[in-house]
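The next block is protein39.pdb, given as PDB, C-alpha atoms.
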MODEL        1
ATOM      1  CA  MET A   1      -0.456  34.031  -6.638  1.00  0.00           C
ATOM      2  CA  ARG A   2      -3.600  33.562  -4.552  1.00  0.00           C
ATOM      3  CA  PHE A   3      -1.788  32.033  -1.576  1.00  0.00           C
ATOM      4  CA  THR A   4       1.315  34.182  -1.193  1.00  0.00           C
ATOM      5  CA  ASP A   5       2.882  33.524   2.229  1.00  0.00           C
ATOM      6  CA  GLN A   6      -0.121  31.515   3.431  1.00  0.00           C
ATOM      7  CA  VAL A   7       0.704  28.357   5.369  1.00  0.00           C
ATOM      8  CA  VAL A   8      -0.962  25.320   3.795  1.00  0.00           C
ATOM      9  CA  ILE A   9      -0.984  21.817   5.286  1.00  0.00           C
ATOM     10  CA  VAL A  10      -1.451  18.936   2.842  1.00  0.00           C
ATOM     11  CA  THR A  11      -1.622  15.393   4.192  1.00  0.00           C
ATOM     12  CA  GLY A  12      -0.843  12.371   2.044  1.00  0.00           C
ATOM     13  CA  ALA A  13       1.542  14.632   0.125  1.00  0.00           C
ATOM     14  CA  SER A  14       4.161  12.075  -0.873  1.00  0.00           C
ATOM     15  CA  ARG A  15       2.420  10.873  -4.033  1.00  0.00           C
ATOM     16  CA  GLY A  16      -0.521  11.111  -6.403  1.00  0.00           C
ATOM     17  CA  ILE A  17      -3.214  13.681  -5.755  1.00  0.00           C
ATOM     18  CA  GLY A  18      -1.583  14.953  -2.566  1.00  0.00           C
ATOM     19  CA  ARG A  19       1.735  15.673  -4.233  1.00  0.00           C
ATOM     20  CA  GLU A  20      -0.001  17.555  -7.061  1.00  0.00           C
ATOM     21  CA  ILE A  21      -2.059  19.572  -4.565  1.00  0.00           C
ATOM     22  CA  ALA A  22       1.088  20.525  -2.657  1.00  0.00           C
ATOM     23  CA  ARG A  23       2.870  21.507  -5.876  1.00  0.00           C
ATOM     24  CA  SER A  24      -0.058  23.625  -7.042  1.00  0.00           C
ATOM     25  CA  PHE A  25      -0.204  25.570  -3.778  1.00  0.00           C
ATOM     26  CA  ALA A  26       3.552  26.185  -3.907  1.00  0.00           C
ATOM     27  CA  VAL A  27       3.261  27.535  -7.462  1.00  0.00           C
ATOM     28  CA  GLU A  28       0.767  30.086  -6.145  1.00  0.00           C
ATOM     29  CA  GLY A  29       3.068  31.290  -3.386  1.00  0.00           C
ATOM     30  CA  ALA A  30       2.091  29.178  -0.381  1.00  0.00           C
ATOM     31  CA  LYS A  31       4.414  27.875   2.292  1.00  0.00           C
ATOM     32  CA  VAL A  32       3.427  24.206   2.146  1.00  0.00           C
ATOM     33  CA  ALA A  33       3.715  21.698   4.974  1.00  0.00           C
ATOM     34  CA  CYS A  34       3.963  18.381   3.123  1.00  0.00           C
ATOM     35  CA  VAL A  35       2.777  15.612   5.434  1.00  0.00           C
ATOM     36  CA  ALA A  36       3.191  11.875   4.934  1.00  0.00           C
ATOM     37  CA  THR A  37       3.538   8.758   7.057  1.00  0.00           C
ATOM     38  CA  ARG A  38       7.234   8.499   6.170  1.00  0.00           C
ATOM     39  CA  LEU A  39       9.473  11.535   6.512  1.00  0.00           C
ATOM     40  CA  GLY A  40      11.476  10.623   3.414  1.00  0.00           C
ATOM     41  CA  GLY A  41       8.439  10.825   1.136  1.00  0.00           C
ATOM     42  CA  ALA A  42       7.306  14.113   2.647  1.00  0.00           C
ATOM     43  CA  GLN A  43      10.746  15.667   2.319  1.00  0.00           C
ATOM     44  CA  LYS A  44      11.064  14.515  -1.281  1.00  0.00           C
ATOM     45  CA  THR A  45       7.857  16.311  -2.224  1.00  0.00           C
ATOM     46  CA  ALA A  46       8.955  19.435  -0.337  1.00  0.00           C
ATOM     47  CA  GLU A  47      12.308  19.457  -2.147  1.00  0.00           C
ATOM     48  CA  GLU A  48      10.624  18.964  -5.513  1.00  0.00           C
ATOM     49  CA  ILE A  49       8.129  21.815  -5.138  1.00  0.00           C
ATOM     50  CA  GLY A  50      10.420  24.296  -3.371  1.00  0.00           C
ATOM     51  CA  GLY A  51       9.030  27.658  -2.334  1.00  0.00           C
ATOM     52  CA  GLY A  52       9.852  27.190   1.345  1.00  0.00           C
ATOM     53  CA  ALA A  53       7.972  23.893   1.592  1.00  0.00           C
ATOM     54  CA  LYS A  54       8.894  21.570   4.446  1.00  0.00           C
ATOM     55  CA  GLY A  55       8.277  17.852   4.960  1.00  0.00           C
ATOM     56  CA  TYR A  56       6.780  16.307   8.089  1.00  0.00           C
ATOM     57  CA  ALA A  57       6.101  12.729   9.191  1.00  0.00           C
ATOM     58  CA  CYS A  58       2.810  12.072  10.967  1.00  0.00           C
ATOM     59  CA  ASP A  59       0.442   9.214  11.710  1.00  0.00           C
ATOM     60  CA  VAL A  60      -2.787  11.128  11.179  1.00  0.00           C
ATOM     61  CA  SER A  61      -4.795   8.442  12.989  1.00  0.00           C
ATOM     62  CA  ASP A  62      -2.929   9.254  16.217  1.00  0.00           C
ATOM     63  CA  SER A  63      -4.081  12.463  17.905  1.00  0.00           C
ATOM     64  CA  ALA A  64      -0.811  12.986  19.805  1.00  0.00           C
ATOM     65  CA  SER A  65       1.154  12.747  16.553  1.00  0.00           C
ATOM     66  CA  VAL A  66      -1.205  15.258  14.929  1.00  0.00           C
ATOM     67  CA  ASP A  67      -0.937  17.704  17.837  1.00  0.00           C
ATOM     68  CA  ALA A  68       2.855  17.530  17.591  1.00  0.00           C
ATOM     69  CA  LEU A  69       2.633  18.117  13.822  1.00  0.00           C
ATOM     70  CA  ILE A  70       0.554  21.282  14.200  1.00  0.00           C
ATOM     71  CA  GLU A  71       2.943  22.634  16.830  1.00  0.00           C
ATOM     72  CA  ALA A  72       5.915  21.968  14.552  1.00  0.00           C
ATOM     73  CA  VAL A  73       4.276  23.566  11.512  1.00  0.00           C
ATOM     74  CA  GLN A  74       3.354  26.693  13.481  1.00  0.00           C
ATOM     75  CA  ALA A  75       6.893  26.971  14.844  1.00  0.00           C
ATOM     76  CA  ASP A  76       8.511  26.458  11.427  1.00  0.00           C
ATOM     77  CA  LEU A  77       6.136  28.139   8.984  1.00  0.00           C
ATOM     78  CA  GLY A  78       3.435  30.000  10.926  1.00  0.00           C
ATOM     79  CA  VAL A  79      -0.273  29.663  11.626  1.00  0.00           C
ATOM     80  CA  PRO A  80      -1.996  27.458   9.011  1.00  0.00           C
ATOM     81  CA  ALA A  81      -4.552  29.199   6.824  1.00  0.00           C
ATOM     82  CA  VAL A  82      -5.448  26.122   4.763  1.00  0.00           C
ATOM     83  CA  LEU A  83      -5.787  22.454   5.675  1.00  0.00           C
ATOM     84  CA  VAL A  84      -6.223  19.780   3.007  1.00  0.00           C
ATOM     85  CA  ASN A  85      -7.091  16.353   4.420  1.00  0.00           C
ATOM     86  CA  ASN A  86      -5.950  14.060   1.633  1.00  0.00           C
ATOM     87  CA  ALA A  87      -4.307  11.179   3.543  1.00  0.00           C
ATOM     88  CA  GLY A  88      -6.003   7.884   2.782  1.00  0.00           C
ATOM     89  CA  VAL A  89      -5.500   4.146   2.589  1.00  0.00           C
ATOM     90  CA  THR A  90      -7.380   1.218   1.081  1.00  0.00           C
ATOM     91  CA  LYS A  91      -7.700  -2.380   2.228  1.00  0.00           C
ATOM     92  CA  ASP A  92     -10.163  -3.749  -0.293  1.00  0.00           C
ATOM     93  CA  THR A  93     -11.888  -7.093  -0.069  1.00  0.00           C
ATOM     94  CA  LEU A  94     -15.410  -8.443  -0.018  1.00  0.00           C
ATOM     95  CA  LEU A  95     -17.505  -7.865   3.099  1.00  0.00           C
ATOM     96  CA  MET A  96     -17.452 -11.485   4.265  1.00  0.00           C
ATOM     97  CA  ARG A  97     -13.661 -11.650   3.963  1.00  0.00           C
ATOM     98  CA  MET A  98     -12.882  -8.302   5.577  1.00  0.00           C
ATOM     99  CA  LYS A  99     -11.013  -8.490   8.868  1.00  0.00           C
ATOM    100  CA  ASP A 100     -11.748  -6.175  11.768  1.00  0.00           C
ATOM    101  CA  GLU A 101      -8.314  -4.609  11.503  1.00  0.00           C
ATOM    102  CA  ASP A 102      -8.818  -3.868   7.797  1.00  0.00           C
ATOM    103  CA  PHE A 103     -12.036  -1.957   8.511  1.00  0.00           C
ATOM    104  CA  ASP A 104     -10.650  -0.189  11.570  1.00  0.00           C
ATOM    105  CA  ARG A 105      -7.415   0.952   9.911  1.00  0.00           C
ATOM    106  CA  VAL A 106      -9.132   2.482   6.878  1.00  0.00           C
ATOM    107  CA  VAL A 107     -11.630   4.384   9.038  1.00  0.00           C
ATOM    108  CA  ALA A 108      -8.873   5.455  11.452  1.00  0.00           C
ATOM    109  CA  VAL A 109      -6.738   7.003   8.704  1.00  0.00           C
ATOM    110  CA  ASN A 110      -9.345   8.294   6.269  1.00  0.00           C
ATOM    111  CA  LEU A 111     -11.960   9.606   8.695  1.00  0.00           C
ATOM    112  CA  LYS A 112     -10.515   9.921  12.193  1.00  0.00           C
ATOM    113  CA  GLY A 113      -7.328  11.330  10.683  1.00  0.00           C
ATOM    114  CA  ALA A 114      -9.282  14.217   9.179  1.00  0.00           C
ATOM    115  CA  PHE A 115     -11.062  14.769  12.506  1.00  0.00           C
ATOM    116  CA  ASN A 116      -7.728  14.869  14.330  1.00  0.00           C
ATOM    117  CA  LEU A 117      -6.264  17.416  11.915  1.00  0.00           C
ATOM    118  CA  ILE A 118      -9.334  19.658  11.915  1.00  0.00           C
ATOM    119  CA  ARG A 119      -9.568  19.679  15.697  1.00  0.00           C
ATOM    120  CA  ALA A 120      -5.888  20.548  16.092  1.00  0.00           C
ATOM    121  CA  ALA A 121      -5.579  23.098  13.267  1.00  0.00           C
ATOM    122  CA  SER A 122      -8.868  24.886  13.894  1.00  0.00           C
ATOM    123  CA  ARG A 123      -7.726  26.203  17.269  1.00  0.00           C
ATOM    124  CA  SER A 124      -5.334  28.683  15.669  1.00  0.00           C
ATOM    125  CA  MET A 125      -7.694  29.276  12.738  1.00  0.00           C
ATOM    126  CA  MET A 126     -10.422  30.363  15.152  1.00  0.00           C
ATOM    127  CA  LYS A 127      -8.062  32.825  16.841  1.00  0.00           C
ATOM    128  CA  ALA A 128      -7.151  34.231  13.433  1.00  0.00           C
ATOM    129  CA  ARG A 129     -10.828  34.172  12.423  1.00  0.00           C
ATOM    130  CA  TYR A 130      -9.820  32.736   9.067  1.00  0.00           C
ATOM    131  CA  GLY A 131      -9.382  29.254   7.667  1.00  0.00           C
ATOM    132  CA  ARG A 132     -10.049  27.010   4.706  1.00  0.00           C
ATOM    133  CA  ILE A 133     -10.520  23.266   5.225  1.00  0.00           C
ATOM    134  CA  VAL A 134     -10.901  20.887   2.275  1.00  0.00           C
ATOM    135  CA  ASN A 135     -11.515  17.178   2.834  1.00  0.00           C
ATOM    136  CA  ILE A 136     -10.812  14.724   0.026  1.00  0.00           C
ATOM    137  CA  SER A 137     -13.729  12.296  -0.121  1.00  0.00           C
ATOM    138  CA  SER A 138     -14.519  10.059  -3.126  1.00  0.00           C
ATOM    139  CA  VAL A 139     -17.331   9.142  -5.485  1.00  0.00           C
ATOM    140  CA  VAL A 140     -17.223   5.792  -3.676  1.00  0.00           C
ATOM    141  CA  GLY A 141     -18.427   7.614  -0.577  1.00  0.00           C
ATOM    142  CA  LEU A 142     -21.423   8.851  -2.559  1.00  0.00           C
ATOM    143  CA  HIS A 143     -22.262   5.747  -4.587  1.00  0.00           C
ATOM    144  CA  GLY A 144     -20.581   2.790  -2.856  1.00  0.00           C
ATOM    145  CA  ALA A 145     -18.474   0.054  -4.426  1.00  0.00           C
ATOM    146  CA  ALA A 146     -18.373  -3.705  -4.007  1.00  0.00           C
ATOM    147  CA  GLY A 147     -15.299  -4.775  -2.063  1.00  0.00           C
ATOM    148  CA  GLN A 148     -14.865  -1.357  -0.463  1.00  0.00           C
ATOM    149  CA  VAL A 149     -17.293  -1.195   2.455  1.00  0.00           C
ATOM    150  CA  ASN A 150     -14.540   0.181   4.716  1.00  0.00           C
ATOM    151  CA  TYR A 151     -13.332   2.777   2.200  1.00  0.00           C
ATOM    152  CA  ALA A 152     -16.871   3.825   1.236  1.00  0.00           C
ATOM    153  CA  ALA A 153     -17.867   4.210   4.883  1.00  0.00           C
ATOM    154  CA  SER A 154     -14.823   6.357   5.629  1.00  0.00           C
ATOM    155  CA  LYS A 155     -15.354   8.602   2.605  1.00  0.00           C
ATOM    156  CA  ALA A 156     -19.091   8.975   3.270  1.00  0.00           C
ATOM    157  CA  GLY A 157     -18.218   9.849   6.845  1.00  0.00           C
ATOM    158  CA  LEU A 158     -15.972  12.634   5.589  1.00  0.00           C
ATOM    159  CA  ILE A 159     -18.969  14.275   3.948  1.00  0.00           C
ATOM    160  CA  GLY A 160     -20.893  14.234   7.218  1.00  0.00           C
ATOM    161  CA  LEU A 161     -17.831  15.573   9.012  1.00  0.00           C
ATOM    162  CA  THR A 162     -17.567  18.353   6.441  1.00  0.00           C
ATOM    163  CA  LEU A 163     -21.177  19.412   6.949  1.00  0.00           C
ATOM    164  CA  SER A 164     -20.887  19.518  10.734  1.00  0.00           C
ATOM    165  CA  VAL A 165     -17.579  21.399  10.749  1.00  0.00           C
ATOM    166  CA  ALA A 166     -18.987  23.934   8.287  1.00  0.00           C
ATOM    167  CA  LYS A 167     -21.884  24.637  10.662  1.00  0.00           C
ATOM    168  CA  GLU A 168     -19.690  24.830  13.756  1.00  0.00           C
ATOM    169  CA  LEU A 169     -16.885  27.022  12.407  1.00  0.00           C
ATOM    170  CA  GLY A 170     -18.562  29.213   9.800  1.00  0.00           C
ATOM    171  CA  SER A 171     -19.098  32.107  12.223  1.00  0.00           C
ATOM    172  CA  ARG A 172     -15.331  32.186  12.856  1.00  0.00           C
ATOM    173  CA  GLY A 173     -14.461  32.854   9.226  1.00  0.00           C
ATOM    174  CA  ILE A 174     -13.620  29.205   8.536  1.00  0.00           C
ATOM    175  CA  THR A 175     -15.097  27.303   5.603  1.00  0.00           C
ATOM    176  CA  CYS A 176     -15.110  23.521   5.242  1.00  0.00           C
ATOM    177  CA  ASN A 177     -15.811  21.756   1.962  1.00  0.00           C
ATOM    178  CA  ALA A 178     -15.162  18.379   0.375  1.00  0.00           C
ATOM    179  CA  VAL A 179     -14.021  17.239  -3.042  1.00  0.00           C
ATOM    180  CA  ALA A 180     -15.094  13.802  -4.287  1.00  0.00           C
ATOM    181  CA  PRO A 181     -12.726  12.634  -7.042  1.00  0.00           C
ATOM    182  CA  GLY A 182     -13.734   9.943  -9.479  1.00  0.00           C
ATOM    183  CA  PHE A 183     -11.293   7.303 -10.652  1.00  0.00           C
ATOM    184  CA  ILE A 184      -7.920   9.038 -10.848  1.00  0.00           C
ATOM    185  CA  GLU A 185      -4.730   7.558 -12.263  1.00  0.00           C
ATOM    186  CA  THR A 186      -2.539   7.208  -9.175  1.00  0.00           C
ATOM    187  CA  ASP A 187      -0.652   4.469  -7.318  1.00  0.00           C
ATOM    188  CA  MET A 188      -3.914   3.657  -5.527  1.00  0.00           C
ATOM    189  CA  THR A 189      -5.762   2.842  -8.764  1.00  0.00           C
ATOM    190  CA  GLU A 190      -2.991   1.384 -10.897  1.00  0.00           C
ATOM    191  CA  ASP A 191      -4.074  -2.178 -10.069  1.00  0.00           C
ATOM    192  CA  LEU A 192      -7.623  -1.706 -11.362  1.00  0.00           C
ATOM    193  CA  PRO A 193      -8.521  -4.478 -13.853  1.00  0.00           C
ATOM    194  CA  GLN A 194      -8.282  -3.446 -17.493  1.00  0.00           C
ATOM    195  CA  GLU A 195     -11.968  -4.190 -18.076  1.00  0.00           C
ATOM    196  CA  PHE A 196     -12.866  -1.821 -15.242  1.00  0.00           C
ATOM    197  CA  ARG A 197     -10.728   0.941 -16.727  1.00  0.00           C
ATOM    198  CA  GLU A 198     -12.341   0.419 -20.102  1.00  0.00           C
ATOM    199  CA  GLY A 199     -15.779   0.615 -18.478  1.00  0.00           C
ATOM    200  CA  VAL A 200     -14.926   3.972 -16.903  1.00  0.00           C
ATOM    201  CA  GLU A 201     -13.605   5.308 -20.186  1.00  0.00           C
ATOM    202  CA  LYS A 202     -16.746   4.138 -21.978  1.00  0.00           C
ATOM    203  CA  ASN A 203     -19.272   5.477 -19.448  1.00  0.00           C
ATOM    204  CA  ALA A 204     -17.679   8.788 -18.467  1.00  0.00           C
ATOM    205  CA  PRO A 205     -18.746  11.569 -20.866  1.00  0.00           C
ATOM    206  CA  VAL A 206     -15.169  12.873 -21.022  1.00  0.00           C
ATOM    207  CA  GLY A 207     -13.997   9.397 -22.080  1.00  0.00           C
ATOM    208  CA  ARG A 208     -11.047   8.879 -19.738  1.00  0.00           C
ATOM    209  CA  LEU A 209      -9.868   8.357 -16.174  1.00  0.00           C
ATOM    210  CA  GLY A 210      -8.883  11.487 -14.318  1.00  0.00           C
ATOM    211  CA  LYS A 211      -5.428  12.736 -13.424  1.00  0.00           C
ATOM    212  CA  PRO A 212      -4.175  14.463 -10.255  1.00  0.00           C
ATOM    213  CA  GLU A 213      -3.962  17.649 -12.326  1.00  0.00           C
ATOM    214  CA  ASP A 214      -7.758  17.474 -12.729  1.00  0.00           C
ATOM    215  CA  ILE A 215      -8.318  17.504  -8.957  1.00  0.00           C
ATOM    216  CA  ALA A 216      -5.877  20.102  -7.628  1.00  0.00           C
ATOM    217  CA  PRO A 217      -7.565  23.153  -9.227  1.00  0.00           C
ATOM    218  CA  ALA A 218     -10.830  22.318  -7.451  1.00  0.00           C
ATOM    219  CA  ILE A 219      -9.046  22.206  -4.100  1.00  0.00           C
ATOM    220  CA  LEU A 220      -7.261  25.490  -4.754  1.00  0.00           C
ATOM    221  CA  PHE A 221     -10.516  27.214  -5.659  1.00  0.00           C
ATOM    222  CA  LEU A 222     -12.269  26.051  -2.483  1.00  0.00           C
ATOM    223  CA  ALA A 223      -9.238  27.159  -0.447  1.00  0.00           C
ATOM    224  CA  SER A 224      -9.114  30.603  -2.032  1.00  0.00           C
ATOM    225  CA  ALA A 225     -10.630  33.935  -1.057  1.00  0.00           C
ATOM    226  CA  GLU A 226     -12.966  33.635  -4.049  1.00  0.00           C
ATOM    227  CA  ALA A 227     -14.762  30.764  -2.310  1.00  0.00           C
ATOM    228  CA  SER A 228     -15.436  32.623   0.936  1.00  0.00           C
ATOM    229  CA  TYR A 229     -19.218  32.160   0.546  1.00  0.00           C
ATOM    230  CA  ILE A 230     -19.025  28.434  -0.159  1.00  0.00           C
ATOM    231  CA  THR A 231     -19.076  26.012   2.764  1.00  0.00           C
ATOM    232  CA  GLY A 232     -20.467  22.584   3.584  1.00  0.00           C
ATOM    233  CA  GLN A 233     -20.411  21.536  -0.060  1.00  0.00           C
ATOM    234  CA  THR A 234     -19.145  18.406  -1.807  1.00  0.00           C
ATOM    235  CA  LEU A 235     -17.775  19.010  -5.295  1.00  0.00           C
ATOM    236  CA  THR A 236     -17.679  15.881  -7.456  1.00  0.00           C
ATOM    237  CA  VAL A 237     -14.833  15.775  -9.969  1.00  0.00           C
ATOM    238  CA  ASP A 238     -15.405  12.558 -11.915  1.00  0.00           C
ATOM    239  CA  GLY A 239     -15.625  13.428 -15.610  1.00  0.00           C
ATOM    240  CA  GLY A 240     -19.389  12.987 -15.424  1.00  0.00           C
ATOM    241  CA  LEU A 241     -19.138   9.272 -14.658  1.00  0.00           C
ATOM    242  CA  PHE A 242     -22.055   9.302 -12.199  1.00  0.00           C
ATOM    243  CA  LEU A 243     -24.375  11.685 -13.985  1.00  0.00           C
TER     244      LEU A 243
ENDMDL
END

Could I get this file's structure written as C-alpha cells?
Amino acid sequence: MRFTDQVVIVTGASRGIGREIARSFAVEGAKVACVATRLGGAQKTAEEIGGGAKGYACDVSDSASVDALIEAVQADLGVPAVLVNNAGVTKDTLLMRMKDEDFDRVVAVNLKGAFNLIRAASRSMMKARYGRIVNISSVVGLHGAAGQVNYAASKAGLIGLTLSVAKELGSRGITCNAVAPGFIETDMTEDLPQEFREGVEKNAPVGRLGKPEDIAPAILFLASAEASYITGQTLTVDGGLFL
C-alpha cells in the first residue's frame, strides 16, 4: 500500500494503459482522479476500480479546462501527490499526406497537454514540497516510425519536457520521469497489420507484444517513495525490441 490516501491524477484513464495505471494505484490505496475526454469513460473507470476514485472530463490541450480540472480534484480529493500524463492520440499517415490539423492535434494533446497538466498541478506540489510526475512517452519518440512524424515528434518532445521539468522542480522535492512503452496491446494498436505484429514477436527477445499490465508497475515505481533519487530519466519498457 505505497500510496495510501495519496491523490493521484491519471489522464487518458478510460482505456488501455491509462485504465490499468489507475487501477494499480487504487489497489495500493490511492485516491485516483481518472481523467478522460468524455466524462462517461472516466466515470466508468472510477466505478470499476473503486477506492474513492472519481471521474473527470477534461480536454488536456486546453489550459482553461486543465486549470478547472486541478481545482476540482483539489476540492474533491485533496492536493495531488502524483501526476501521470498518459493522454494521447494518433493520426497516422505518411508525411506528404499529413494535414496541418493532424499534426497540430497530436502535438496539442500529447505534448502541450502534458505541459498544461504539469504547470497547473506543480503549483500545489511546490507548496507541499513533494510531487511525482510521470510522462508516458513511447519508443517511437526514441526511434521514429514511418507514418508517425506527428506522434514521434510529440513523444520525443515529452522526453525533453521531462528533462527540463526535472531540473526546474527537483529542489522542491518533485521528481519528473518518463516511461517509453514499446508496442502494447491496446485499442490504439489493435489495427496494426498482422505482419507487423509477427515482426515484433520475432525481434523482441521476450517474443511478444506488451500488455498494459507490463507498463503500470514501472509507473508505480517511479511515483513511489523508493524512487525519490531518480529524476529526469526515461525508462524503456519494450521487451527488448530496440536493444

Explicit residue set for the PyMOL selection byres ((chain A and resi 91-106) around 12), as a ChimeraX atom specification: /A:59-62,87-90,107-114,145-155,157,188-189,191-192

Applied to this file, what does the PyMOL selection byres ((chain A and resi 132) around 12) return in terms of residues, put as a ChimeraX atom specification? /A:3,6-10,80-85,118,121-122,125-126,128-131,133-135,162,165-166,169-170,172-178,219-232

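The list of residues with at least one atom within 8 Å of Pro181 (chain A), based on all atoms listed in the file and without residues fewer than 6 positions apart in the same chain, reads Ile136, Ser137, Ser138, Val139, Ile215, Thr236, Val237 and Asp238 of chain A.
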
What do you get, as a VMD selection string, if you spell out every residue that the PyMOL selection byres ((chain A and resi 27-40) around 9) selects here? chain A and resid 1 to 14 18 to 19 22 to 26 41 to 46 49 to 60 69 73 77 to 78 87

As an exercise, work out the distance from CA of Asp67 (chain A) to CA of Val79 (chain A) in Å and give it to one decimal place. 13.5 Å

Quick one, how far is CA of Leu158 (chain A) from CA of Glu213 (chain A)?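 These two atoms are separated by 22.1 Å.
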
Reconstructed N, CA and C atoms for region 197-218 of chain A, given as a PDB file, in the frame of the given file:
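What ended up in part_18.pdb:
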ATOM      1  N   ARG A 197     -11.204  -0.317 -16.144  1.00  0.00           N
ATOM      2  CA  ARG A 197     -10.728   0.941 -16.727  1.00  0.00           C
ATOM      3  C   ARG A 197     -11.463   1.252 -18.025  1.00  0.00           C
ATOM      4  N   GLU A 198     -11.644   0.219 -18.831  1.00  0.00           N
ATOM      5  CA  GLU A 198     -12.341   0.419 -20.102  1.00  0.00           C
ATOM      6  C   GLU A 198     -13.796   0.804 -19.873  1.00  0.00           C
ATOM      7  N   GLY A 199     -14.410   0.253 -18.804  1.00  0.00           N
ATOM      8  CA  GLY A 199     -15.779   0.615 -18.478  1.00  0.00           C
ATOM      9  C   GLY A 199     -15.908   2.068 -18.077  1.00  0.00           C
ATOM     10  N   VAL A 200     -14.923   2.561 -17.291  1.00  0.00           N
ATOM     11  CA  VAL A 200     -14.926   3.972 -16.903  1.00  0.00           C
ATOM     12  C   VAL A 200     -14.783   4.860 -18.130  1.00  0.00           C
ATOM     13  N   GLU A 201     -13.847   4.503 -18.986  1.00  0.00           N
ATOM     14  CA  GLU A 201     -13.605   5.308 -20.186  1.00  0.00           C
ATOM     15  C   GLU A 201     -14.829   5.328 -21.099  1.00  0.00           C
ATOM     16  N   LYS A 202     -15.557   4.222 -21.124  1.00  0.00           N
ATOM     17  CA  LYS A 202     -16.746   4.138 -21.978  1.00  0.00           C
ATOM     18  C   LYS A 202     -17.916   4.941 -21.412  1.00  0.00           C
ATOM     19  N   ASN A 203     -18.083   4.898 -20.066  1.00  0.00           N
ATOM     20  CA  ASN A 203     -19.272   5.477 -19.448  1.00  0.00           C
ATOM     21  C   ASN A 203     -19.113   6.933 -19.029  1.00  0.00           C
ATOM     22  N   ALA A 204     -17.886   7.389 -18.832  1.00  0.00           N
ATOM     23  CA  ALA A 204     -17.679   8.788 -18.467  1.00  0.00           C
ATOM     24  C   ALA A 204     -17.800   9.657 -19.721  1.00  0.00           C
ATOM     25  N   PRO A 205     -18.602  10.711 -19.690  1.00  0.00           N
ATOM     26  CA  PRO A 205     -18.746  11.569 -20.866  1.00  0.00           C
ATOM     27  C   PRO A 205     -17.426  12.107 -21.405  1.00  0.00           C
ATOM     28  N   VAL A 206     -16.452  12.350 -20.530  1.00  0.00           N
ATOM     29  CA  VAL A 206     -15.169  12.873 -21.022  1.00  0.00           C
ATOM     30  C   VAL A 206     -14.286  11.777 -21.613  1.00  0.00           C
ATOM     31  N   GLY A 207     -14.660  10.504 -21.408  1.00  0.00           N
ATOM     32  CA  GLY A 207     -13.997   9.397 -22.080  1.00  0.00           C
ATOM     33  C   GLY A 207     -12.644   8.990 -21.555  1.00  0.00           C
ATOM     34  N   ARG A 208     -12.352   9.272 -20.279  1.00  0.00           N
ATOM     35  CA  ARG A 208     -11.047   8.879 -19.738  1.00  0.00           C
ATOM     36  C   ARG A 208     -11.093   8.859 -18.217  1.00  0.00           C
ATOM     37  N   LEU A 209     -10.074   8.223 -17.599  1.00  0.00           N
ATOM     38  CA  LEU A 209      -9.868   8.357 -16.174  1.00  0.00           C
ATOM     39  C   LEU A 209      -9.292   9.747 -15.902  1.00  0.00           C
ATOM     40  N   GLY A 210      -9.424  10.188 -14.677  1.00  0.00           N
ATOM     41  CA  GLY A 210      -8.883  11.487 -14.318  1.00  0.00           C
ATOM     42  C   GLY A 210      -7.403  11.419 -13.996  1.00  0.00           C
ATOM     43  N   LYS A 211      -6.821  12.604 -13.823  1.00  0.00           N
ATOM     44  CA  LYS A 211      -5.428  12.736 -13.424  1.00  0.00           C
ATOM     45  C   LYS A 211      -5.368  13.651 -12.205  1.00  0.00           C
ATOM     46  N   PRO A 212      -4.290  13.559 -11.402  1.00  0.00           N
ATOM     47  CA  PRO A 212      -4.175  14.463 -10.255  1.00  0.00           C
ATOM     48  C   PRO A 212      -4.314  15.933 -10.648  1.00  0.00           C
ATOM     49  N   GLU A 213      -3.863  16.263 -11.851  1.00  0.00           N
ATOM     50  CA  GLU A 213      -3.962  17.649 -12.326  1.00  0.00           C
ATOM     51  C   GLU A 213      -5.413  18.089 -12.526  1.00  0.00           C
ATOM     52  N   ASP A 214      -6.342  17.133 -12.612  1.00  0.00           N
ATOM     53  CA  ASP A 214      -7.758  17.474 -12.729  1.00  0.00           C
ATOM     54  C   ASP A 214      -8.379  17.805 -11.371  1.00  0.00           C
ATOM     55  N   ILE A 215      -7.759  17.349 -10.295  1.00  0.00           N
ATOM     56  CA  ILE A 215      -8.318  17.504  -8.957  1.00  0.00           C
ATOM     57  C   ILE A 215      -7.785  18.745  -8.247  1.00  0.00           C
ATOM     58  N   ALA A 216      -6.499  19.002  -8.378  1.00  0.00           N
ATOM     59  CA  ALA A 216      -5.877  20.102  -7.628  1.00  0.00           C
ATOM     60  C   ALA A 216      -6.549  21.455  -7.836  1.00  0.00           C
ATOM     61  N   PRO A 217      -6.937  21.832  -9.068  1.00  0.00           N
ATOM     62  CA  PRO A 217      -7.565  23.153  -9.227  1.00  0.00           C
ATOM     63  C   PRO A 217      -8.848  23.325  -8.422  1.00  0.00           C
ATOM     64  N   ALA A 218      -9.598  22.238  -8.252  1.00  0.00           N
ATOM     65  CA  ALA A 218     -10.830  22.318  -7.451  1.00  0.00           C
ATOM     66  C   ALA A 218     -10.500  22.605  -5.994  1.00  0.00           C
TER      67      ALA A 218
END
